[in-house]
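Note sheet for the following structure.
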Amino acid sequence: MSLYICFISLLRIFSLAYENLALNKPAYQDHPYFSNQWGADKAVDGKYDSLTSNAGQCVISANGQTTATWWVNLEGVYSISHINIIYRTDNLPHPSPYVPRLAGFFLYVSNTSSREDSHLCFHEIQKVNGTPSENQTTKCPVHGQYVIFYNERKSGVKYPSYYSNYAFNELCELQVFGCERAGFYGENCNLPCSNTCQNSLCHIHTGECYGCVPGYQGSRCEQLCSTGSYGSRCSSSCGNCRKGETCHHVNGTCLNGCGEGFQGTTCEQGCRKGYFGENCTQKCSNNCRLPNSCNSVTGECDGGCQYGWTGRLCETGCGKGYFGENCTQKCSNNCRLPNSCNSVTGECDGGCQYGWTGRLCETGNLCPCAAESSNMFTTIIVNSVVTLFIVLISNVIIYIVRRRKKLNAGHGR
């Protein structure tokens with residue numbers, strides 16, 4: 001009994017700074033023992049000066065069960081420091097006959113009444129007869145709404161020889177000490193958790209955050225996400241921000257817009273067809289060979305330029321004397337107007353020089369105009385020769401006639 005009194009005295013000294021969050025809160029057990037005299041609420045009523053079943057201050061669970069579950073609902077999520085268990089002893093010295101019933105127990109903290117999604121504060125298979133102690137303190141600096149006591153004696157499992165054959169939850173008191181005000185820590189629960197702690201919750205002793213709000217990191221969530229990262233746990237990578245800048249540490253927004261080829265609030269979407277450049281605001285050139293199709297970053301036309309256009313963005317027409325694909329072909333030297341042709345087709349402005357024909361004035365001496373000129377010249381020559389011959393004959397005849405008249409006139413004398 002003196003050991004129990006010593007334990008209670010130390011317990012009260014250790015717990016002075018924290019509130020008993022479980023006192024008079026709703027409690028439950030899955031296998032009650034007949035009468036409400038030993039109901040689940042007996043473990044949170046603040047009465048534990050007599051640890052016997054007859055005193056009506058302890059929970060008594062049913063016999064012959066393979067599992068035993070008891071929990072208390074703190075009616076809110078609280079920052080917990082430690083949990084005290086005072087188990088049934090019938091006021092007998094340690095180890096009491098009820099240690100085998102306590103041995104192997106589990107202690108959980110959860111936000112629900114289920115063990116499945118809870119935090120395990122304590123579990124140990126004690127192999128030394130007489131352990132564990134009926135009165136003990138378990139440190140469990142977590143946040144939660146439910147504290148769950150559980151034990152089991154499952155078929156097919158080999159337990160230490162001193163364990164009871166069945167599971168019990170004969171708690172005379174279970175105390176949950178912590179801060180009643182959410183968002184505070186320290187011995188007097190007067191130090192505020194960082195406002196960048198997730199849900200303003202932190203370790204009740206150290207003040208370290210259990211998690212950070214998006215955009216922060218570090219044990220107390222005092223640091224912004226590293227360059228190039230953002231969001232919850234700083235686990236998301238920034239998109240393609242303009243000039244390689246980092247993004248907003250919370251939501252990933254690129255503060256000065258997107259780099260070439262990207263758009264959207266986080267600059268992770270590529271440009272839609274026909275657009276390029278920063279924030280995808282520039283349109284591909286109408287002079288691209290493939291309509292509205294260009295590189296989303298540089299704007300260079302896919303497939304090159306249409307005939308008659310050149311330059312990186314196909315926005316420059318061919319210079320004088322050039323035509324065709326990327327303006328690499330030279331106008332024909334046989335153009336009537338030197339170095340002057342259509343920039344797309346290469347057809348000579350003003351047609352071909354005399355003696356040349358073809359779409360690009362590439363064929364010589366075969367045009368109809370040259371043959372016609374040759375025939376006309378021949379006709380003129382022939383006509384001239386005939387005319388000259390006729391004149392010559394006429395003059396000869398006139399001469400002969402005059403000569404004869406002259407001779408006849410002489411004979412007449």
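Lettering and numbering for the structure tokens are positional, with chains as A, B, ... in the shown order, residues counted from 1 in each chain, and ligands counted from 1 in the shown order.
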
I'd like to know which residues of region 6-89 of chain A are alpha helix (DSSP H) (by DSSP, run on the backbone); could you write them as a short mmCIF file (atom, residue, chain, number, x, y, z; two decimals) with N, CA, C and O atoms, in the first residue's frame?
```
data_model
loop_
_atom_site.label_atom_id
_atom_site.label_comp_id
_atom_site.auth_asym_id
_atom_site.auth_seq_id
_atom_site.Cartn_x
_atom_site.Cartn_y
_atom_site.Cartn_z
N CYS A 6 3.02 6.22 -2.64
CA CYS A 6 4.20 6.90 -3.21
C CYS A 6 3.97 7.23 -4.68
O CYS A 6 4.29 8.31 -5.16
N PHE A 7 3.40 6.24 -5.40
CA PHE A 7 3.15 6.44 -6.83
C PHE A 7 2.16 7.57 -7.06
O PHE A 7 2.35 8.44 -7.91
N ILE A 8 1.08 7.58 -6.25
CA ILE A 8 0.07 8.61 -6.40
C ILE A 8 0.65 9.98 -6.09
O ILE A 8 0.37 10.97 -6.79
N SER A 9 1.51 10.09 -5.11
CA SER A 9 2.13 11.37 -4.76
C SER A 9 3.00 11.88 -5.89
O SER A 9 2.93 13.06 -6.28
N LEU A 10 3.82 10.99 -6.44
CA LEU A 10 4.67 11.39 -7.57
C LEU A 10 3.83 11.76 -8.79
O LEU A 10 4.15 12.69 -9.53
N LEU A 11 2.75 11.05 -8.96
CA LEU A 11 1.86 11.28 -10.10
C LEU A 11 1.26 12.67 -10.03
O LEU A 11 1.21 13.40 -11.02
N ARG A 12 0.86 13.05 -8.85
CA ARG A 12 0.23 14.36 -8.68
C ARG A 12 1.25 15.48 -8.87
O ARG A 12 0.96 16.52 -9.46
N ILE A 13 2.48 15.25 -8.42
CA ILE A 13 3.53 16.26 -8.62
C ILE A 13 3.84 16.41 -10.11
O ILE A 13 3.95 17.52 -10.64
N PHE A 14 3.96 15.27 -10.81
CA PHE A 14 4.31 15.27 -12.24
C PHE A 14 3.22 15.92 -13.09
O PHE A 14 3.48 16.49 -14.13
#
```

Taking a cut-off of 8 Å and counting only C-alpha atoms, can you build a table that, for each residue of region 304-357 of chain A near region 272-292 of chain A, reports the nearest atom pair and how far apart they are in Å (one decimal), sorted by chain then residue number, as JSON lines?
```
{"residue": "A:Gly304", "atom": "CA", "partner": "A:Arg289", "partner_atom": "CA", "distance": 5.8}
{"residue": "A:Cys305", "atom": "CA", "partner": "A:Cys288", "partner_atom": "CA", "distance": 4.6}
{"residue": "A:Gln306", "atom": "CA", "partner": "A:Arg289", "partner_atom": "CA", "distance": 4.5}
{"residue": "A:Trp309", "atom": "CA", "partner": "A:Asn287", "partner_atom": "CA", "distance": 6.8}
{"residue": "A:Leu313", "atom": "CA", "partner": "A:Ser285", "partner_atom": "CA", "distance": 6.5}
{"residue": "A:Cys314", "atom": "CA", "partner": "A:Asn287", "partner_atom": "CA", "distance": 5.8}
{"residue": "A:Glu315", "atom": "CA", "partner": "A:Ser285", "partner_atom": "CA", "distance": 6.8}
```

Keeping only C-alpha atoms, take the residues you just selected and write them out as a PDB file, in the first residue's frame.
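Contents of out.pdb, freshly written:
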```
ATOM      1  CA  GLY A 304       9.931  25.830 -92.765  1.00  0.00           C
ATOM      2  CA  CYS A 305       8.422  28.841 -94.550  1.00  0.00           C
ATOM      3  CA  GLN A 306       6.024  29.150 -97.430  1.00  0.00           C
ATOM      4  CA  TRP A 309       9.288  34.050 -97.138  1.00  0.00           C
ATOM      5  CA  LEU A 313       9.836  33.281 -87.901  1.00  0.00           C
ATOM      6  CA  CYS A 314       9.093  33.494 -91.684  1.00  0.00           C
ATOM      7  CA  GLU A 315       8.133  37.180 -91.317  1.00  0.00           C
TER       8      GLU A 315
END
```

Which residue, A:Tyr399, A:Tyr78, A:Tyr216, A:Tyr98, has the smallest gap to Val176 (chain A) when you use only C-alpha atoms?
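With only C-alpha atoms as the atom set, the closest residue is A:Tyr78.
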
Quick one: pick out all strand (DSSP E or B) residues within region 76-319 of chain A from a backbone DSSP run and write them as number ranges by chain.
A: 76-87, 106-110, 119-123, 135-139, 143-152, 171-179, 184-185, 191-192, 197, 202, 209, 212, 216-217, 223-224, 229-230, 236-237, 241, 258, 260, 262-263, 269-270, 275-276, 278, 282-283, 288, 294, 301, 305, 309-310, 316-317

Do a neighbour search on Tyr28 (chain A) at 8 Å with only C-alpha atoms, toss out local chain neighbours closer than 4 positions, and write the hits as a list in words.
Ala40, Asp41, Trp70, Trp71 and Val72 of chain A

At a cut-off of 9 Å, using only C-alpha atoms, what residues contact Cys327 (chain A)? Leave out same-chain residues fewer than 4 positions from it and give the result as number ranges by chain.
A: 307-310, 317-319, 322-323, 343-344

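Residues in contact with Ala182 (chain A) at 8 Å, where only C-alpha atoms are counted and same-chain residues fewer than 5 positions away are skipped, are listed as A:Val77, A:Tyr78, A:Ser79, A:Ser200, A:Leu201.
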
Return the single residue from A:Gln29, A:Asn63, A:Ser81, A:Asn135 that is closest to Asn188 (chain A), with distances computed using only C-alpha atoms.
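Closest candidate: A:Ser81.
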
For Ile86 (chain A), which residue out of A:Gln136, A:Ala68, A:Pro100, A:Asp45 is the nearest one, using only C-alpha atoms?
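Once distances to Ile86 (chain A) are computed over only C-alpha atoms, the minimum belongs to A:Gln136.
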
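Those residues that approach region 159-164 of chain A to within 7 Å, counting only C-alpha atoms, are Pro100, Arg101, Ala103, Lys127 and Asn129 of chain A; same-chain residues fewer than 5 positions away are not listed.
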
Kindly export the residues of the current selection with N, CA, C and O atoms, as a PDB file, in the first residue's frame.
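Writing done, so here's selection.pdb:
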```pdb
ATOM      1  N   PRO A 100      -1.479 -10.480 -14.192  1.00  0.00           N
ATOM      2  CA  PRO A 100      -1.614 -11.313 -15.398  1.00  0.00           C
ATOM      3  C   PRO A 100      -2.732 -10.842 -16.340  1.00  0.00           C
ATOM      4  O   PRO A 100      -2.664 -11.065 -17.553  1.00  0.00           O
ATOM      5  N   ARG A 101      -3.757 -10.183 -15.770  1.00  0.00           N
ATOM      6  CA  ARG A 101      -4.834  -9.666 -16.623  1.00  0.00           C
ATOM      7  C   ARG A 101      -4.412  -8.384 -17.354  1.00  0.00           C
ATOM      8  O   ARG A 101      -4.884  -8.102 -18.445  1.00  0.00           O
ATOM      9  N   ALA A 103      -1.183  -7.681 -18.191  1.00  0.00           N
ATOM     10  CA  ALA A 103      -0.011  -7.948 -19.028  1.00  0.00           C
ATOM     11  C   ALA A 103      -0.372  -7.992 -20.519  1.00  0.00           C
ATOM     12  O   ALA A 103      -1.396  -8.537 -20.913  1.00  0.00           O
ATOM     13  N   LYS A 127       7.683 -10.565 -20.425  1.00  0.00           N
ATOM     14  CA  LYS A 127       8.045 -11.969 -20.225  1.00  0.00           C
ATOM     15  C   LYS A 127       8.457 -12.283 -18.784  1.00  0.00           C
ATOM     16  O   LYS A 127       8.683 -13.441 -18.441  1.00  0.00           O
ATOM     17  N   ASN A 129       7.576 -12.518 -14.953  1.00  0.00           N
ATOM     18  CA  ASN A 129       6.407 -12.662 -14.074  1.00  0.00           C
ATOM     19  C   ASN A 129       6.339 -11.482 -13.103  1.00  0.00           C
ATOM     20  O   ASN A 129       7.341 -11.078 -12.530  1.00  0.00           O
TER      21      ASN A 129
END
```

As a PDB file with C-alpha atoms, in the first residue's frame, please: the residues near Gln269 (chain A) (cut-off 10 Å, only C-alpha atoms, same-chain neighbours under 3 positions excluded).
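Saved to result-v6.pdb:
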```
ATOM      1  CA  GLY A 239       6.496  24.775 -63.115  1.00  0.00           C
ATOM      2  CA  ASN A 240       8.277  26.616 -65.931  1.00  0.00           C
ATOM      3  CA  CYS A 258       5.550  31.652 -67.573  1.00  0.00           C
ATOM      4  CA  GLY A 261       6.236  27.509 -74.387  1.00  0.00           C
ATOM      5  CA  PHE A 262       4.119  27.327 -71.210  1.00  0.00           C
ATOM      6  CA  GLN A 263       0.924  28.789 -69.774  1.00  0.00           C
ATOM      7  CA  GLY A 264      -1.446  28.419 -66.776  1.00  0.00           C
ATOM      8  CA  THR A 265      -1.238  29.601 -63.168  1.00  0.00           C
ATOM      9  CA  THR A 266       1.573  27.148 -62.373  1.00  0.00           C
ATOM     10  CA  ARG A 272      -2.082  25.386 -77.521  1.00  0.00           C
ATOM     11  CA  ASN A 279       2.785  32.814 -71.512  1.00  0.00           C
ATOM     12  CA  CYS A 280       1.971  31.508 -75.026  1.00  0.00           C
TER      13      CYS A 280
END
```

What is the distance, in Å and to one decimal place, between CA of Leu120 (chain A) and CA of Tyr108 (chain A)?
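Computed distance, CA of Leu120 (chain A) to CA of Tyr108 (chain A), equals 4.5 Å.
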